[in-house]
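Participant: Have a look at the structure that comes next, please.
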Amino acid sequence: MKEPLLFTPGPLTTSIQTKKSMLVDYGSWDNEFNSITAKIRKKVVKILKGNRNYTCVPLQGSGSFGVEAMIINFVRRNEPLLILINGAYGERIQQICKHHKIKHVPFVWKEDQSLDLEKLKKKLDQNKKIKHLAFVHCETSTGIFNPLKEVSDLCKKKNINLYIDAMSSFGALDINANKIKFKAVVASPNKCLEGVPGINFVIAKTLDFKRCKGISDNLSMDLHDQWDYMEKTGRWRYTPPTHVVAAFLKALEQFEKDGGLKGRAKRYNENLNILITEMTKIGFKSLLPRSVQTPIIVTFISPSDKKFKFNRFYNYLKKKGFIIYPGKMAKRDSFRIGCIGFIGKKEMKMLTNQIAKFVKMEKISLN
Ligand SMILES: *Cc1c(COP(=O)(O)O)cnc(C)c1O
């Protein structure tokens, strides 16, 4: 089988250099591997311009493991957490709270609408006991941008600790530690940083990792202990996915070479523009207005024509070498196409050409 191109929000298409970096077997106690860990920790903090007060603690497991770790290590069970929810990843945070019996208040709004800040202010005024707020930067279930600066300013004013799920935005949308006040940010290598899946990382002030001691009710996910052990030994507390970590360093080096955050945002925005332009020409409609559309993933409404069957569409594209993503909306039939990964204008064009062919071949009406 020819290797497909992934138009998905992670795992995604990685470069050949990143793939090749996984051909080495490192000993997890070896200095060489320890130096890889040290480098990724530094480089990641640099991306959000964190000063020396900040540090990064990587953890084994997919992105959700990181979100869960962040919440259960930083939020004491009886200190209410407000969760902003406009999609599946906000809901997952609520699920985490339920599971760990963390006091929480959901703040839910429609998944294709932008956040109403006035309503949020009112909600916080009515709930004076709220001490923490969980926020999903790009809600990947639709691709919507949630207003980070506004929410962080509000939290700052009200003295509320902010936790950012930046899983799908980190490396492409700006999060500047000098401008955004947050308690912790969580992300993973396998989205805009174009690494492979298997780990996640939490960024916070060293002092705050110290203060986490004893809060986690899960041993493997104890970020204080992971941090403490890493500081003392340079090693991961339990077996790290060594190949994944090596690939992450390679991916970060390419990220820097590509012009960092700016370079990445530029390429993804070009991908987004081509995708929307070409899909609109074919007759597809995207869900979100451009003002809140991230250059990360786009939700398209499935055509109402009964001749359109997602499975047929998916399998046709797969045969041609392209993997797209099903929709993740509660109420509307949709599908998603990612703009991220080691892909550019050429790949975007190749994909949309095949989509146009499919629509023509199946005689799908798009009005
Ligand atoms: C991908 C993603 C996650 C984590 O998902 P995993 O499948 O566990 O890696 C969490 N939040 C957001 C916003 C994401 O895009």
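The way I read the labels, and the way they are meant: chains A, B, ... in the order of the structure tokens, residue 1 as the first residue of every chain, and ligand 1 as the first ligand shown, with later ones counted on from there.
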To check your reading of the model: which residues sit at most 7 Å from ligand 1 when counting only C-alpha atoms and all ligand atoms? Write the answer as a ChimeraX atom specification.
Facilitator: /A:9-10,62-65,67,89,136-140,165-168
Participant: Which of region 16-212 of chain A counts as alpha helix (DSSP H) under DSSP, as an MDAnalysis selection string please?
Facilitator: chainID A and resid 16:20 31:47 63:74 88:100 117:126 148:158 206:211
Participant: Give the strand (DSSP E) residues of region 13-98 of chain A, as DSSP finds them on the backbone, and put them as a list of chain:residue names.
Facilitator: A:Tyr54, A:Thr55, A:Cys56, A:Val57, A:Pro58, A:Leu59, A:Gln60, A:Leu81, A:Leu82, A:Ile83, A:Leu84, A:Ile85
Participant: Taking N, CA, C and O atoms for each residue, export the selection above as a PDB file, in the first residue's frame.
Facilitator:
```
ATOM      1  N   TYR A  54       9.002  29.270  34.051  1.00  0.00           N
ATOM      2  CA  TYR A  54       8.128  28.233  33.491  1.00  0.00           C
ATOM      3  C   TYR A  54       8.908  26.961  33.194  1.00  0.00           C
ATOM      4  O   TYR A  54      10.094  27.004  32.874  1.00  0.00           O
ATOM      5  N   THR A  55       8.209  25.853  33.265  1.00  0.00           N
ATOM      6  CA  THR A  55       8.820  24.602  32.856  1.00  0.00           C
ATOM      7  C   THR A  55       7.771  23.719  32.187  1.00  0.00           C
ATOM      8  O   THR A  55       6.576  24.021  32.214  1.00  0.00           O
ATOM      9  N   CYS A  56       8.262  22.655  31.572  1.00  0.00           N
ATOM     10  CA  CYS A  56       7.373  21.749  30.851  1.00  0.00           C
ATOM     11  C   CYS A  56       7.547  20.356  31.425  1.00  0.00           C
ATOM     12  O   CYS A  56       8.665  19.897  31.619  1.00  0.00           O
ATOM     13  N   VAL A  57       6.436  19.708  31.721  1.00  0.00           N
ATOM     14  CA  VAL A  57       6.495  18.328  32.193  1.00  0.00           C
ATOM     15  C   VAL A  57       5.791  17.436  31.171  1.00  0.00           C
ATOM     16  O   VAL A  57       4.573  17.519  30.998  1.00  0.00           O
ATOM     17  N   PRO A  58       6.578  16.627  30.457  1.00  0.00           N
ATOM     18  CA  PRO A  58       5.961  15.684  29.520  1.00  0.00           C
ATOM     19  C   PRO A  58       5.445  14.454  30.248  1.00  0.00           C
ATOM     20  O   PRO A  58       5.962  14.093  31.308  1.00  0.00           O
ATOM     21  N   LEU A  59       4.421  13.837  29.682  1.00  0.00           N
ATOM     22  CA  LEU A  59       3.806  12.656  30.305  1.00  0.00           C
ATOM     23  C   LEU A  59       3.462  11.645  29.211  1.00  0.00           C
ATOM     24  O   LEU A  59       3.060  12.018  28.114  1.00  0.00           O
ATOM     25  N   GLN A  60       3.589  10.371  29.542  1.00  0.00           N
ATOM     26  CA  GLN A  60       3.209   9.312  28.605  1.00  0.00           C
ATOM     27  C   GLN A  60       1.698   9.361  28.360  1.00  0.00           C
ATOM     28  O   GLN A  60       0.939   9.698  29.258  1.00  0.00           O
ATOM     29  N   LEU A  81     -14.581  24.369  39.543  1.00  0.00           N
ATOM     30  CA  LEU A  81     -13.985  24.644  38.235  1.00  0.00           C
ATOM     31  C   LEU A  81     -15.115  24.933  37.253  1.00  0.00           C
ATOM     32  O   LEU A  81     -16.044  24.135  37.120  1.00  0.00           O
ATOM     33  N   LEU A  82     -15.035  26.076  36.569  1.00  0.00           N
ATOM     34  CA  LEU A  82     -16.003  26.365  35.507  1.00  0.00           C
ATOM     35  C   LEU A  82     -15.430  25.820  34.202  1.00  0.00           C
ATOM     36  O   LEU A  82     -14.266  26.073  33.887  1.00  0.00           O
ATOM     37  N   ILE A  83     -16.244  25.077  33.458  1.00  0.00           N
ATOM     38  CA  ILE A  83     -15.764  24.496  32.199  1.00  0.00           C
ATOM     39  C   ILE A  83     -16.502  25.139  31.033  1.00  0.00           C
ATOM     40  O   ILE A  83     -17.728  25.087  30.969  1.00  0.00           O
ATOM     41  N   LEU A  84     -15.759  25.751  30.121  1.00  0.00           N
ATOM     42  CA  LEU A  84     -16.379  26.311  28.925  1.00  0.00           C
ATOM     43  C   LEU A  84     -16.549  25.177  27.913  1.00  0.00           C
ATOM     44  O   LEU A  84     -15.575  24.541  27.527  1.00  0.00           O
ATOM     45  N   ILE A  85     -17.790  24.973  27.488  1.00  0.00           N
ATOM     46  CA  ILE A  85     -18.078  23.814  26.626  1.00  0.00           C
ATOM     47  C   ILE A  85     -18.811  24.237  25.351  1.00  0.00           C
ATOM     48  O   ILE A  85     -19.952  24.679  25.388  1.00  0.00           O
TER      49      ILE A  85
END
```
Participant: From the list A:Pro4, A:Gly171, A:Gly143, A:Gly234, which residue is nearest Arg290 (chain A) when using only C-alpha atoms?
Facilitator: A:Gly143
Participant: Write out as a ChimeraX atom specification which residues come within 10 Å of region 336-347 of chain A when counting only C-alpha atoms, dropping same-chain ones fewer than 3 positions away.
Facilitator: /A:5-16,140-143,168,172,190-195,264-265,267-275,286-287,294-302,322-328,350-353
Participant: If we count only C-alpha atoms, what is near Phe74 (chain A) at a cut-off of 8 Å, once residues fewer than 4 positions away on the same chain are taken out, given as a PDB file with N, CA, C and O atoms, in the first residue's frame?
Facilitator:
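Result file selection07.pdb:
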```pdb
ATOM      1  N   MET A  70      -3.534  17.459  33.934  1.00  0.00           N
ATOM      2  CA  MET A  70      -3.530  18.880  34.296  1.00  0.00           C
ATOM      3  C   MET A  70      -4.639  19.177  35.305  1.00  0.00           C
ATOM      4  O   MET A  70      -4.400  19.811  36.344  1.00  0.00           O
ATOM      5  N   CYS A 212       1.680  21.302  43.438  1.00  0.00           N
ATOM      6  CA  CYS A 212       0.752  20.203  43.103  1.00  0.00           C
ATOM      7  C   CYS A 212       0.926  18.991  44.002  1.00  0.00           C
ATOM      8  O   CYS A 212       0.128  18.055  43.946  1.00  0.00           O
ATOM      9  N   ILE A 215      -1.889  16.350  45.319  1.00  0.00           N
ATOM     10  CA  ILE A 215      -3.256  16.618  44.855  1.00  0.00           C
ATOM     11  C   ILE A 215      -3.780  15.489  43.958  1.00  0.00           C
ATOM     12  O   ILE A 215      -4.937  15.113  44.029  1.00  0.00           O
ATOM     13  N   SER A 216      -2.909  14.931  43.123  1.00  0.00           N
ATOM     14  CA  SER A 216      -3.361  13.902  42.167  1.00  0.00           C
ATOM     15  C   SER A 216      -3.877  12.664  42.888  1.00  0.00           C
ATOM     16  O   SER A 216      -3.265  12.192  43.840  1.00  0.00           O
TER      17      SER A 216
END
```
Participant: Name the closest residue to His100 (chain A) among the candidates A:Lys360, A:Lys262, A:Arg77, A:Lys205; distances are taken between atoms, counting only C-alpha atoms.
Facilitator: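 Distance minimum relative to His100 (chain A) lands on A:Arg77.
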Participant: Counting only C-alpha atoms, which residue out of A:Val75, A:Gly263, A:Phe248, A:Val292 sits closest to Pro147 (chain A)?
Facilitator: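 So, comparing all the options, the nearest one is A:Val292.
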Participant: Counting only C-alpha atoms, which residue out of A:Lys210, A:Tyr314, A:Asn367, A:Ile175 sits closest to Tyr229 (chain A)?
Facilitator: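 Closest residue, counting only C-alpha atoms: A:Lys210.
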